[in-house]
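Trainee: Quick one, protein_20.txt (compact mmCIF, C-alpha atoms and all ligand atoms):
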# COMPACT_ATOMS: atom_id res chain seq x y z
CA MET X 1 0.00 0.00 0.00
CA SER X 2 1.36 3.43 -0.84
CA PRO X 3 1.86 5.86 2.05
CA PRO X 4 -1.05 8.20 2.74
CA LYS X 5 -0.96 11.26 0.52
CA GLY X 6 -1.01 13.63 3.43
CA VAL X 7 2.06 12.52 5.33
CA PRO X 8 4.46 15.42 5.03
CA GLY X 9 8.16 15.01 4.80
CA ASN X 10 8.08 11.48 3.42
CA PRO X 11 11.75 10.48 3.62
CA GLY X 12 13.42 9.08 0.58
CA ALA X 13 12.79 11.94 -1.80
CA PRO X 14 16.05 12.81 -3.52
CA PHE X 15 17.72 15.81 -1.93
CA GLY X 16 17.52 18.92 -4.01
CA VAL X 17 14.43 17.93 -5.91
CA PHE X 18 12.78 21.07 -4.58
CA GLY X 19 15.55 23.30 -5.80
CA GLY X 20 14.30 26.71 -6.78
CA MET X 21 11.12 26.39 -4.72
CA ARG X 22 10.62 28.29 -1.54
CA GLU X 23 9.69 26.02 1.33
CA VAL X 24 7.05 26.95 3.86
CA ASP X 25 4.77 24.90 6.10
CA VAL X 26 1.42 26.41 5.14
CA ALA X 27 0.08 28.39 2.19
CA VAL X 28 -3.19 30.29 2.39
CA VAL X 29 -4.83 31.06 -0.95
CA GLY X 30 -7.17 34.04 -0.73
CA ALA X 31 -7.34 36.89 1.79
CA GLY X 32 -11.08 37.34 2.15
CA GLN X 33 -12.89 36.78 5.41
CA ALA X 34 -11.91 33.10 5.47
CA GLY X 35 -8.23 33.54 4.57
CA LEU X 36 -7.73 36.40 7.03
CA SER X 37 -9.29 34.51 9.88
CA ALA X 38 -7.03 31.55 9.12
CA GLY X 39 -4.05 33.90 8.92
CA TYR X 40 -4.91 35.44 12.28
CA GLN X 41 -4.89 32.02 13.94
CA LEU X 42 -1.74 30.84 12.13
CA ARG X 43 0.03 34.01 13.25
CA ARG X 44 -1.13 33.55 16.85
CA ASP X 45 0.12 29.99 16.80
CA GLY X 46 3.48 31.11 15.44
CA LEU X 47 3.31 28.92 12.36
CA ASP X 48 5.36 29.34 9.22
CA PHE X 49 2.94 30.44 6.52
CA VAL X 50 2.47 32.56 3.44
CA MET X 51 -0.70 34.21 2.12
CA PHE X 52 -1.53 34.95 -1.52
CA ASP X 53 -4.29 37.02 -3.05
CA HIS X 54 -4.54 38.00 -6.69
CA SER X 55 -6.91 40.92 -6.19
CA PRO X 56 -5.41 44.39 -6.22
CA ARG X 57 -6.44 45.48 -2.74
CA PRO X 58 -7.73 44.17 0.59
CA GLY X 59 -11.43 43.28 0.87
CA GLY X 60 -11.76 39.83 -0.68
CA ALA X 61 -14.76 39.64 -2.99
CA TRP X 62 -16.37 42.56 -1.21
CA GLN X 63 -14.12 44.95 -3.13
CA TYR X 64 -16.02 44.03 -6.31
CA ARG X 65 -19.59 44.31 -5.05
CA TRP X 66 -21.83 46.90 -6.65
CA PRO X 67 -21.87 50.34 -5.04
CA THR X 68 -25.60 50.28 -4.25
CA LEU X 69 -25.02 47.27 -2.00
CA THR X 70 -24.62 49.40 1.08
CA LEU X 71 -23.61 48.05 4.45
CA GLY X 72 -27.22 48.45 5.58
CA LYS X 73 -28.46 46.28 2.70
CA ALA X 74 -25.90 43.51 3.27
CA HIS X 75 -27.21 40.81 5.51
CA ARG X 76 -24.58 40.97 8.16
CA ILE X 77 -20.85 41.17 7.99
CA ALA X 78 -19.35 39.35 10.92
CA ASP X 79 -16.38 40.73 12.82
CA LEU X 80 -13.05 39.14 12.03
CA PRO X 81 -11.42 37.58 15.09
CA GLY X 82 -9.66 40.03 17.36
CA MET X 83 -10.92 43.28 15.83
CA PRO X 84 -14.53 44.42 15.64
CA LEU X 85 -15.83 46.06 12.49
CA GLY X 86 -17.41 48.71 14.68
CA THR X 87 -20.47 50.62 13.58
CA PRO X 88 -19.73 52.17 10.18
CA ASP X 89 -22.34 54.27 8.42
CA PRO X 90 -24.89 51.79 6.99
CA ALA X 91 -25.38 54.08 3.97
CA ARG X 92 -21.79 53.52 2.80
CA PRO X 93 -21.07 50.92 0.12
CA ALA X 94 -20.18 47.60 1.76
CA SER X 95 -17.28 47.28 -0.71
CA ASP X 96 -15.58 50.39 0.73
CA VAL X 97 -16.30 49.57 4.36
CA VAL X 98 -15.04 45.99 4.13
CA SER X 99 -11.95 46.91 2.11
CA GLU X 100 -10.96 49.50 4.70
CA TYR X 101 -11.65 47.06 7.54
CA PHE X 102 -9.58 44.27 5.98
CA ASP X 103 -6.76 46.67 5.21
CA LYS X 104 -6.62 47.80 8.83
CA TYR X 105 -6.87 44.20 9.99
CA GLU X 106 -3.94 43.02 7.89
CA ARG X 107 -1.79 45.84 9.21
CA GLU X 108 -2.86 45.39 12.84
CA PHE X 109 -2.00 41.69 12.89
CA GLY X 110 1.00 41.85 10.59
CA LEU X 111 -0.57 39.63 7.95
CA ASP X 112 1.74 39.97 5.02
CA VAL X 113 -0.58 39.18 2.13
CA ARG X 114 1.36 38.81 -1.08
CA ARG X 115 -0.72 40.69 -3.65
CA PRO X 116 -1.48 40.75 -6.41
CA VAL X 117 -0.15 37.19 -6.62
CA ASP X 118 -2.09 34.57 -8.51
CA VAL X 119 -2.00 30.90 -7.56
CA SER X 120 -2.30 29.10 -10.86
CA SER X 121 -1.99 25.47 -9.75
CA VAL X 122 -1.40 23.16 -6.81
CA ARG X 123 0.17 19.76 -7.51
CA ASN X 124 1.52 16.79 -5.64
CA LEU X 125 5.23 16.62 -4.99
CA PRO X 126 6.92 13.22 -4.74
CA ASP X 127 7.73 13.71 -1.05
CA GLY X 128 4.11 14.19 -0.04
CA ARG X 129 4.19 17.98 -0.02
CA LEU X 130 2.32 20.27 -2.38
CA GLN X 131 3.78 22.44 -5.08
CA VAL X 132 2.03 25.80 -5.22
CA ALA X 133 2.71 27.59 -8.50
CA THR X 134 2.22 31.34 -8.23
CA SER X 135 2.85 34.39 -10.36
CA GLU X 136 5.85 35.11 -8.12
CA GLY X 137 7.38 31.65 -8.27
CA GLU X 138 6.89 28.20 -6.79
CA TYR X 139 6.51 27.08 -3.22
CA ALA X 140 6.74 23.64 -1.59
CA VAL X 141 4.23 23.49 1.26
CA ARG X 142 3.01 20.89 3.70
CA TYR X 143 -0.52 22.19 4.08
CA LEU X 144 -2.82 24.28 1.98
CA ILE X 145 -5.62 26.40 3.37
CA ASN X 146 -7.69 27.33 0.36
CA ALA X 147 -10.01 30.31 0.77
CA SER X 148 -10.48 31.41 -2.82
CA GLY X 149 -14.21 32.15 -2.58
CA THR X 150 -16.82 31.98 -5.32
CA TRP X 151 -16.91 35.47 -6.81
CA GLU X 152 -14.73 34.62 -9.76
CA LYS X 153 -16.94 31.79 -10.90
CA PRO X 154 -20.33 33.24 -11.79
CA PHE X 155 -22.77 30.55 -12.78
CA TRP X 156 -24.58 30.99 -16.12
CA PRO X 157 -27.29 28.41 -16.78
CA ARG X 158 -27.91 27.46 -20.42
CA TYR X 159 -31.22 28.14 -22.09
CA ALA X 160 -32.14 27.56 -25.70
CA GLY X 161 -31.64 30.62 -27.87
CA MET X 162 -29.46 32.57 -25.39
CA GLU X 163 -26.90 33.35 -28.05
CA THR X 164 -29.56 34.83 -30.37
CA PHE X 165 -30.63 37.56 -27.92
CA ARG X 166 -30.06 41.04 -29.38
CA GLY X 167 -30.27 42.75 -26.00
CA ARG X 168 -27.77 42.56 -23.15
CA HIS X 169 -27.00 39.55 -20.98
CA LEU X 170 -25.66 40.56 -17.57
CA HIS X 171 -24.67 38.49 -14.54
CA THR X 172 -24.83 39.74 -10.93
CA HIS X 173 -21.03 39.55 -11.06
CA ASP X 174 -21.05 42.56 -13.43
CA TYR X 175 -24.07 44.39 -12.03
CA ARG X 176 -23.17 47.90 -10.88
CA GLY X 177 -26.56 49.16 -9.68
CA PRO X 178 -29.77 50.34 -11.35
CA ASP X 179 -28.19 53.18 -13.39
CA GLY X 180 -28.40 52.18 -16.99
CA PHE X 181 -31.73 50.37 -16.56
CA ALA X 182 -33.84 53.52 -16.89
CA ARG X 183 -36.84 52.91 -19.17
CA LYS X 184 -35.53 49.45 -20.06
CA ARG X 185 -37.49 46.24 -20.17
CA VAL X 186 -35.73 43.82 -17.88
CA VAL X 187 -35.96 40.12 -17.00
CA VAL X 188 -34.34 39.17 -13.70
CA VAL X 189 -33.52 35.48 -13.45
CA GLY X 190 -32.89 33.92 -10.06
CA GLY X 191 -34.58 33.34 -6.74
CA GLY X 192 -31.77 34.32 -4.38
CA ALA X 193 -31.39 37.46 -2.32
CA SER X 194 -29.13 39.10 -4.93
CA GLY X 195 -31.82 38.77 -7.59
CA VAL X 196 -34.47 40.16 -5.28
CA GLN X 197 -32.27 43.05 -4.26
CA ALA X 198 -31.42 43.97 -7.85
CA LEU X 199 -35.04 43.62 -8.96
CA LEU X 200 -36.25 46.00 -6.26
CA GLU X 201 -33.75 48.68 -7.35
CA ILE X 202 -34.24 48.17 -11.07
CA ALA X 203 -38.05 48.18 -10.91
CA GLU X 204 -37.90 51.76 -9.64
CA VAL X 205 -36.38 53.02 -12.89
CA ALA X 206 -37.19 50.39 -15.52
CA ALA X 207 -40.10 50.53 -17.97
CA GLU X 208 -41.16 47.01 -17.04
CA THR X 209 -39.70 44.01 -15.24
CA ARG X 210 -40.32 40.28 -15.04
CA TRP X 211 -38.96 38.00 -12.32
CA VAL X 212 -38.41 34.34 -13.16
CA THR X 213 -37.12 31.58 -10.92
CA ARG X 214 -36.75 27.83 -11.27
CA ARG X 215 -38.50 27.03 -8.02
CA ALA X 216 -41.25 28.99 -6.33
CA PRO X 217 -39.62 31.13 -3.63
CA GLU X 218 -39.91 29.96 -0.06
CA TRP X 219 -40.62 33.08 1.95
CA VAL X 220 -39.37 33.03 5.49
CA GLU X 221 -40.64 35.33 8.21
CA GLY X 222 -37.65 36.83 9.98
CA PRO X 223 -35.59 37.07 11.95
CA PHE X 224 -33.28 34.43 10.51
CA GLY X 225 -32.42 33.02 13.91
CA GLU X 226 -30.34 30.26 15.32
CA GLU X 227 -32.77 27.46 14.63
CA LEU X 228 -33.21 28.25 10.93
CA GLY X 229 -29.46 28.76 10.58
CA ARG X 230 -28.69 25.45 12.23
CA ALA X 231 -31.09 23.61 9.93
CA ALA X 232 -29.66 25.33 6.83
CA VAL X 233 -26.06 24.61 7.80
CA ALA X 234 -26.89 20.97 8.55
CA ARG X 235 -28.39 20.56 5.07
CA VAL X 236 -25.31 21.95 3.33
CA ASP X 237 -22.97 19.98 5.57
CA GLU X 238 -24.83 16.79 4.81
CA ARG X 239 -24.46 17.43 1.05
CA VAL X 240 -20.72 18.12 1.11
CA ARG X 241 -20.00 15.16 3.38
CA ARG X 242 -21.61 13.01 0.68
CA GLY X 243 -19.46 14.65 -1.99
CA LEU X 244 -22.30 16.58 -3.62
CA PRO X 245 -21.82 20.19 -4.71
CA PRO X 246 -22.99 22.58 -1.97
CA GLY X 247 -26.03 23.92 -3.92
CA SER X 248 -27.46 27.41 -3.76
CA VAL X 249 -27.68 29.36 -0.52
CA VAL X 250 -31.35 30.19 -1.04
CA SER X 251 -32.25 26.53 -1.44
CA VAL X 252 -31.42 26.01 2.22
CA THR X 253 -32.25 29.40 3.72
CA GLY X 254 -35.36 30.57 1.89
CA LEU X 255 -35.96 34.28 1.25
CA MET X 256 -36.45 36.75 4.04
CA LEU X 257 -39.73 38.63 4.19
CA THR X 258 -38.48 42.08 5.11
CA ASP X 259 -40.82 45.10 5.12
CA GLU X 260 -39.37 46.19 1.78
CA VAL X 261 -39.99 42.75 0.31
CA LYS X 262 -43.55 42.65 1.64
CA ALA X 263 -44.26 46.02 0.00
CA ALA X 264 -42.77 44.83 -3.29
CA ARG X 265 -44.92 41.72 -3.21
CA ALA X 266 -48.01 43.78 -2.55
CA SER X 267 -47.19 46.13 -5.44
CA GLY X 268 -46.66 43.24 -7.85
CA VAL X 269 -42.94 43.89 -8.43
CA LEU X 270 -42.09 40.60 -6.76
CA HIS X 271 -44.52 38.57 -8.78
CA ARG X 272 -42.65 35.38 -9.54
CA LEU X 273 -43.00 33.63 -12.88
CA PRO X 274 -41.68 30.15 -13.70
CA MET X 275 -38.63 29.89 -15.95
CA PHE X 276 -39.19 30.77 -19.58
CA GLU X 277 -38.73 28.03 -22.11
CA ARG X 278 -36.32 29.84 -24.38
CA VAL X 279 -34.62 33.10 -25.22
CA THR X 280 -35.43 34.72 -28.56
CA PRO X 281 -33.70 37.57 -30.40
CA SER X 282 -36.16 40.01 -28.82
CA GLY X 283 -36.73 38.56 -25.35
CA VAL X 284 -38.06 35.42 -23.69
CA VAL X 285 -40.93 33.01 -24.33
CA TRP X 286 -42.68 30.70 -21.88
CA ALA X 287 -43.96 27.22 -22.69
CA ASP X 288 -47.55 28.48 -23.13
CA GLY X 289 -46.40 30.92 -25.81
CA THR X 290 -46.46 34.06 -23.65
CA ALA X 291 -43.62 36.35 -24.69
CA PHE X 292 -41.86 39.32 -23.09
CA ASP X 293 -39.69 41.65 -25.14
CA ALA X 294 -36.60 42.61 -23.17
CA ASP X 295 -33.60 44.93 -23.41
CA VAL X 296 -31.66 43.21 -20.63
CA ILE X 297 -31.66 39.76 -19.03
CA LEU X 298 -30.02 39.91 -15.61
CA TRP X 299 -28.79 36.48 -14.56
CA ALA X 300 -28.78 36.50 -10.75
CA THR X 301 -27.99 32.82 -10.84
CA GLY X 302 -25.26 32.61 -8.27
CA PHE X 303 -21.68 31.45 -8.11
CA ARG X 304 -19.72 28.23 -7.80
CA ALA X 305 -16.59 27.51 -5.79
CA SER X 306 -13.56 28.98 -7.54
CA LEU X 307 -11.20 26.01 -7.38
CA ALA X 308 -9.66 25.64 -10.86
CA HIS X 309 -6.13 25.93 -9.44
CA LEU X 310 -6.76 22.75 -7.40
CA ALA X 311 -7.74 20.68 -10.45
CA PRO X 312 -4.38 18.83 -10.63
CA LEU X 313 -5.10 17.33 -7.19
CA GLY X 314 -8.21 15.58 -8.53
CA LEU X 315 -10.29 16.34 -5.46
CA ARG X 316 -13.71 16.17 -7.08
CA GLY X 317 -15.52 12.89 -6.75
CA PRO X 318 -18.20 11.24 -8.85
CA GLY X 319 -20.93 13.28 -7.09
CA GLY X 320 -19.47 16.44 -8.69
CA GLY X 321 -18.43 17.86 -5.32
CA ILE X 322 -15.53 17.31 -2.94
CA VAL X 323 -16.14 14.99 -0.01
CA MET X 324 -15.49 17.10 3.07
CA ASP X 325 -14.92 16.35 6.73
CA GLY X 326 -15.36 19.70 8.40
CA THR X 327 -12.92 22.02 6.62
CA GLN X 328 -10.69 19.16 5.56
CA VAL X 329 -10.86 17.37 2.24
CA ALA X 330 -11.76 13.87 3.37
CA ASP X 331 -9.33 12.17 0.97
CA ASP X 332 -6.49 14.64 1.30
CA PRO X 333 -5.75 15.89 4.81
CA ARG X 334 -3.20 18.38 3.51
CA VAL X 335 -5.96 20.48 2.01
CA HIS X 336 -8.55 22.58 3.83
CA LEU X 337 -11.32 24.36 1.97
CA LEU X 338 -12.73 27.43 3.65
CA GLY X 339 -15.79 29.26 2.42
CA TYR X 340 -16.91 26.04 0.76
CA GLY X 341 -20.35 24.66 1.59
CA PRO X 342 -21.37 25.26 5.18
CA SER X 343 -18.70 27.90 5.80
CA ALA X 344 -19.81 30.15 2.89
CA SER X 345 -20.72 33.15 5.02
CA THR X 346 -18.69 35.68 6.94
CA ILE X 347 -19.37 33.99 10.30
CA GLY X 348 -18.87 30.52 8.88
CA ALA X 349 -15.62 31.66 7.27
CA ASN X 350 -14.36 32.91 10.64
CA ARG X 351 -14.95 29.64 12.36
CA ALA X 352 -13.61 27.62 9.47
CA GLY X 353 -10.43 29.72 9.43
CA ARG X 354 -9.79 29.08 13.09
CA SER X 355 -10.66 25.44 12.84
CA ALA X 356 -8.43 24.80 9.82
CA ALA X 357 -5.47 26.67 11.31
CA ARG X 358 -5.71 24.68 14.52
CA ALA X 359 -5.98 21.41 12.63
CA VAL X 360 -2.87 22.31 10.65
CA ARG X 361 -1.02 23.19 13.83
CA ARG X 362 -1.88 19.81 15.32
CA ALA X 363 -0.93 18.03 12.13
CA LEU X 364 2.45 19.78 12.00
CA ARG X 365 3.12 18.65 15.56
CA ASP X 366 1.97 15.11 14.85
CA PRO X 367 2.54 14.62 11.13
CA VAL X 368 1.39 11.01 10.99
CA GLY X 369 -1.84 11.15 12.94
CA GLY X 370 -2.54 14.83 13.27
CA GLY X 371 -3.96 15.45 9.86
CA ARG X 372 -6.57 12.79 10.03
CA THR X 373 -7.57 12.48 13.62
CA GLY X 374 -10.82 14.29 13.24
CA ALA X 375 -9.24 17.65 13.80
CA ASN X 376 -12.46 19.25 12.72
CA ARG X 377 -14.66 16.98 14.71
CA GLY X 378 -16.05 17.74 18.11
CA GLU X 379 -15.64 21.13 19.64
CA GLU X 380 -14.13 22.88 16.68
CA ARG X 381 -16.61 22.12 13.96
CA PRO X 382 -17.02 25.33 12.06
CA GLU X 383 -20.55 24.78 10.93
CA THR X 384 -22.61 25.03 14.06
CA PRO X 385 -24.13 28.33 15.06
CA GLY X 386 -22.22 30.19 17.71
CA ARG X 387 -23.30 30.76 21.26
CA SER X 388 -24.00 34.33 20.34
CA GLY X 389 -27.01 33.08 18.44
CA ARG X 390 -25.49 34.14 15.14
CA THR X 391 -25.69 31.68 12.30
CA GLU X 392 -23.15 30.66 9.73
CA ILE X 393 -25.31 30.77 6.66
CA PHE X 394 -26.83 34.07 5.75
CA PRO X 395 -29.95 34.30 3.66
CA ALA X 396 -28.25 36.01 0.74
CA ALA X 397 -27.09 35.56 -2.82
C1 LIG J 401 -23.68 39.30 -3.60
C2 LIG J 401 -23.23 38.63 -2.36
C3 LIG J 401 -23.59 39.15 -1.12
C4 LIG J 401 -23.19 38.52 0.06
N1 LIG J 401 -23.58 39.06 1.26
C5 LIG J 401 -23.18 38.46 2.41
C6 LIG J 401 -23.56 39.02 3.70
O1 LIG J 401 -24.24 40.02 3.77
N2 LIG J 401 -23.13 38.37 4.82
C7 LIG J 401 -22.36 37.23 4.75
O2 LIG J 401 -22.00 36.68 5.79
N3 LIG J 401 -21.97 36.72 3.56
C8 LIG J 401 -22.36 37.30 2.40
N4 LIG J 401 -22.00 36.75 1.18
C9 LIG J 401 -21.16 35.56 1.16
C10 LIG J 401 -19.74 36.06 1.19
O3 LIG J 401 -19.19 35.99 -0.07
C11 LIG J 401 -18.99 35.32 2.23
O4 LIG J 401 -19.65 35.45 3.42
C12 LIG J 401 -17.56 35.78 2.48
O5 LIG J 401 -17.38 37.17 2.34
C13 LIG J 401 -16.71 35.04 1.54
O6 LIG J 401 -15.40 35.14 2.05
P1 LIG J 401 -14.27 34.22 1.50
O7 LIG J 401 -13.05 34.59 2.27
O8 LIG J 401 -14.70 32.81 1.50
O9 LIG J 401 -14.10 34.58 -0.04
P2 LIG J 401 -13.80 35.94 -0.84
O10 LIG J 401 -14.21 37.14 -0.11
O11 LIG J 401 -14.36 35.70 -2.19
O12 LIG J 401 -12.20 35.97 -0.94
C14 LIG J 401 -11.51 35.13 -1.81
C15 LIG J 401 -10.21 35.79 -2.16
O13 LIG J 401 -9.41 34.83 -2.83
C16 LIG J 401 -8.70 35.47 -3.86
N5 LIG J 401 -8.39 34.43 -4.87
C17 LIG J 401 -9.28 33.63 -5.51
N6 LIG J 401 -8.62 32.77 -6.33
C18 LIG J 401 -7.29 33.04 -6.18
C19 LIG J 401 -6.11 32.47 -6.76
N7 LIG J 401 -6.16 31.45 -7.63
N8 LIG J 401 -4.91 33.01 -6.41
C20 LIG J 401 -4.86 34.03 -5.52
N9 LIG J 401 -5.95 34.58 -4.94
C21 LIG J 401 -7.14 34.09 -5.25
C22 LIG J 401 -9.63 36.55 -4.36
O14 LIG J 401 -8.89 37.60 -4.95
C23 LIG J 401 -10.35 36.99 -3.09
O15 LIG J 401 -9.75 38.11 -2.50
C24 LIG J 401 -22.41 37.35 -0.01
C25 LIG J 401 -22.05 36.80 -1.24
C26 LIG J 401 -22.46 37.43 -2.40
C27 LIG J 401 -22.08 36.83 -3.73
Would you kindly transcribe this structure into structure tokens?
Ligand SMILES: Cc1cc2nc3c(=O)[nH]c(=O)nc-3n(C[C@H](O)[C@H](O)[C@H](O)COP(=O)(O)OP(=O)(O)OC[C@H]3O[C@@H](n4cnc5c(N)ncnc54)[C@H](O)[C@@H]3O)c2cc1C

Mentor:
Amino acid sequence: MSPPKGVPGNPGAPFGVFGGMREVDVAVVGAGQAGLSAGYQLRRDGLDFVMFDHSPRPGGAWQYRWPTLTLGKAHRIADLPGMPLGTPDPARPASDVVSEYFDKYEREFGLDVRRPVDVSSVRNLPDGRLQVATSEGEYAVRYLINASGTWEKPFWPRYAGMETFRGRHLHTHDYRGPDGFARKRVVVVGGGASGVQALLEIAEVAAETRWVTRRAPEWVEGPFGEELGRAAVARVDERVRRGLPPGSVVSVTGLMLTDEVKAARASGVLHRLPMFERVTPSGVVWADGTAFDADVILWATGFRASLAHLAPLGLRGPGGGIVMDGTQVADDPRVHLLGYGPSASTIGANRAGRSAARAVRRALRDPVGGGRTGANRGEERPETPGRSGRTEIFPAA
């Protein structure tokens, strides 16, 4: 039987085979909420680590969010460990507030994020370590904490005739607010919170809107408390433990009935239609022949985990997902995925960061058993709601 993949420092590798590569115990890919919280814990534990982020400035994916997504409209941005966000003006764009907060955080805790540095691939090395290829050279690492988010992988479903549409296709990823939708006829596709939020803004200026979703929305009376959060997290956790892709956030959280949403339902703006059958050059057509001429189709259809750089490791299983045990890839204890599945929220990312960093610390101290001994089991599981009553999954996007 070959030695387990995750045993670092497998003796017998020819000396010098890593020539030219910088050696470090842990690499963290991504400096969003998840990567920073891992970095904080790694720093506290005095571990030898390096952090990469290919975005130009601090803020993780928040730096790219549309300016009309103000802090007040975001669901909740959890404090990073060790430094509260405080009480910034809720009217400010969340992208600015979070970027400033992360910037201050990195400086306060001496987190030296190498940026903009792209991680293009992670491969196996013959001695059991991982080779991390970056735009500033190669590294040999024992453990990888991957926190690369979802923002860079917008999901576009395929519908017949999409390519024939003469109007504009737009994904939430490129949405910059309602300017530009004035007097337009707009179809918003998607039943998540991002679609609802965009629809509410666009309907105020557009000539006409239609809202289409695959499944009828499940409206949830707020507040989104501990019990709902626990149930949602358990459903995602159950999926990723079985190796299935995590699925959409809204499919486990439902949609919050805020006062604004209730008003929009009463006014007819949030009148949900089933998915159209096809896209035509001038708009969309439903199965019964009803047509709507459109200038823009906004695809608020979510994101997928941005993991292309991990492809050489072959982590995906036949279910299309990666079998997870807490933050750890079940089949490869060298690799932790943060922000994947149940930890895809700011609170979940915090806990996952801490949990992964501690597991890595244990594994470095006990290289043979430490990586696999259920480091993420028991008291450090990142998925369960905190004592504060906060929940790890937020009803958004
Ligand atoms: C529209 C929208 C609204 C949301 N609102 C909320 C909310 O209100 N509350 C909440 O809790 N959650 C919200 N979320 C979920 C939110 O994305 C997460 O909670 C959290 O911010 C994600 O943090 P992260 O660290 O996992 O990833 P990200 O913030 O996406 O950070 C990933 C980082 O990795 C870097 N990166 C990626 N690939 C590479 C690579 N190959 N090499 C180098 N660097 C790389 C990126 O540059 C990025 O900085 C929202 C999500 C969306 C899409």

Trainee: Applying 9 Å and all atoms listed in the file, which residues near X:Glu136 remain after dropping the ones on its own chain fewer than 4 positions away? List them as a PDB file with C-alpha atoms, keeping the file's coordinate frame.

Mentor:
ATOM      1  CA  VAL X 117      -0.150  37.190  -6.620  1.00  0.00           C
ATOM      2  CA  ASP X 118      -2.090  34.570  -8.510  1.00  0.00           C
ATOM      3  CA  VAL X 119      -2.000  30.900  -7.560  1.00  0.00           C
TER       4      VAL X 119
END

Trainee: Enter the distance from atom C17 of ligand LIG 401 (chain J) to atom CA of X:Gly243, in Å, rounded to one decimal.

Mentor: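 Pair atom C17 of ligand LIG 401 (chain J) / atom CA of X:Gly243 returns 21.8 Å.
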
Trainee: How many Å separate atom CA of X:Gln63 from atom CA of X:Arg235?

Mentor: 29.4 Å

Trainee: Taking only C-alpha atoms and all ligand atoms and a cut-off of 6 Å, can you tell me which residues surround ligand LIG 401 (chain J), written as an MDAnalysis selection string?

Mentor: chainID X and resid 29:35 52:55 60:62 74:77 117:120 147:151 194 309 339 344:347 349 394 396:397

Trainee: Per residue of stretch 199-294 of chain X within 10 Å of stretch 163-166 of chain X, what are the shortest atom pair and its distance in Å to one decimal, counting only C-alpha atoms, with rows by chain and residue number, as CSV?

Mentor:
residue,atom,partner,partner_atom,distance
X:Val279,CA,X:Phe165,CA,6.6
X:Thr280,CA,X:Phe165,CA,5.6
X:Pro281,CA,X:Phe165,CA,3.9
X:Ser282,CA,X:Phe165,CA,6.1
X:Gly283,CA,X:Phe165,CA,6.7
X:Val284,CA,X:Phe165,CA,8.8
X:Ala294,CA,X:Phe165,CA,9.1

Trainee: Those residues with C-alpha atoms, as a PDB file, in the coordinates of the input please?

Mentor:
ATOM      1  CA  VAL X 279     -34.620  33.100 -25.220  1.00  0.00           C
ATOM      2  CA  THR X 280     -35.430  34.720 -28.560  1.00  0.00           C
ATOM      3  CA  PRO X 281     -33.700  37.570 -30.400  1.00  0.00           C
ATOM      4  CA  SER X 282     -36.160  40.010 -28.820  1.00  0.00           C
ATOM      5  CA  GLY X 283     -36.730  38.560 -25.350  1.00  0.00           C
ATOM      6  CA  VAL X 284     -38.060  35.420 -23.690  1.00  0.00           C
ATOM      7  CA  ALA X 294     -36.600  42.610 -23.170  1.00  0.00           C
TER       8      ALA X 294
END

Trainee: Given the choices X:Gly39, X:Pro245, X:Gly72, X:Gly20, which gets closest to X:Gly317 if the distance is worked out from only C-alpha atoms?

Mentor: X:Pro245

Trainee: In Å to one decimal, how far is atom CA of X:Ala91 from atom CA of X:Leu257?

Mentor: 21.1 Å

Trainee: Find the residues around X:Gly320 up to 12 Å (only C-alpha atoms counted), leave out those fewer than 4 positions away in its own chain, and share them as a list in words.

Mentor: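 After dropping sequence-adjacent residues, the list is Arg239, Val240, Arg242, Gly243, Leu244, Pro245, Pro246, Gly247, Arg304, Ala305, Gly314, Leu315 and Arg316 of chain X.
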
Trainee: For the residues selected in the previous step, produce a file with C-alpha atoms as a PDB file, in the frame of the given file.

Mentor:
ATOM      1  CA  ARG X 239     -24.460  17.430   1.050  1.00  0.00           C
ATOM      2  CA  VAL X 240     -20.720  18.120   1.110  1.00  0.00           C
ATOM      3  CA  ARG X 242     -21.610  13.010   0.680  1.00  0.00           C
ATOM      4  CA  GLY X 243     -19.460  14.650  -1.990  1.00  0.00           C
ATOM      5  CA  LEU X 244     -22.300  16.580  -3.620  1.00  0.00           C
ATOM      6  CA  PRO X 245     -21.820  20.190  -4.710  1.00  0.00           C
ATOM      7  CA  PRO X 246     -22.990  22.580  -1.970  1.00  0.00           C
ATOM      8  CA  GLY X 247     -26.030  23.920  -3.920  1.00  0.00           C
ATOM      9  CA  ARG X 304     -19.720  28.230  -7.800  1.00  0.00           C
ATOM     10  CA  ALA X 305     -16.590  27.510  -5.790  1.00  0.00           C
ATOM     11  CA  GLY X 314      -8.210  15.580  -8.530  1.00  0.00           C
ATOM     12  CA  LEU X 315     -10.290  16.340  -5.460  1.00  0.00           C
ATOM     13  CA  ARG X 316     -13.710  16.170  -7.080  1.00  0.00           C
TER      14      ARG X 316
END

Trainee: Using all atoms listed in the file, pick whichever of X:Pro154, X:Pro312, X:Glu208, X:Thr253 has the shortest atom-to-atom distance to X:Leu170.

Mentor: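 Smallest distance to X:Leu170 is found for X:Pro154.
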
Trainee: Between X:Gly268, X:Met21, X:Gly110, X:Pro93, single out the one closest to X:Thr134, counting only C-alpha atoms.

Mentor: X:Met21

Trainee: Looking at only C-alpha atoms, which of X:Arg107, X:Arg362, X:His173, X:Lys73 is the one that sits closest to X:Tyr40?

Mentor: X:Arg107

Trainee: Within 10 Å of X:Gly222, counting all atoms listed in the file, which residues qualify if same-chain residues fewer than 3 places away don't, as a list in words?

Mentor: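 Answer for this query is Trp219, Gly225, Leu228, Leu255, Met256, Leu257 and Thr258 of chain X.
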
Trainee: Give as a list of chain:residue names each residue that has an atom at most 9 Å from (-42.0, 26.1, -23.1) in the file, counting all atoms listed in the file.

Mentor: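 These residues have at least one counted atom within 9 Å: X:Met275, X:Phe276, X:Glu277, X:Arg278, X:Val285, X:Trp286, X:Ala287, X:Asp288, X:Gly289.
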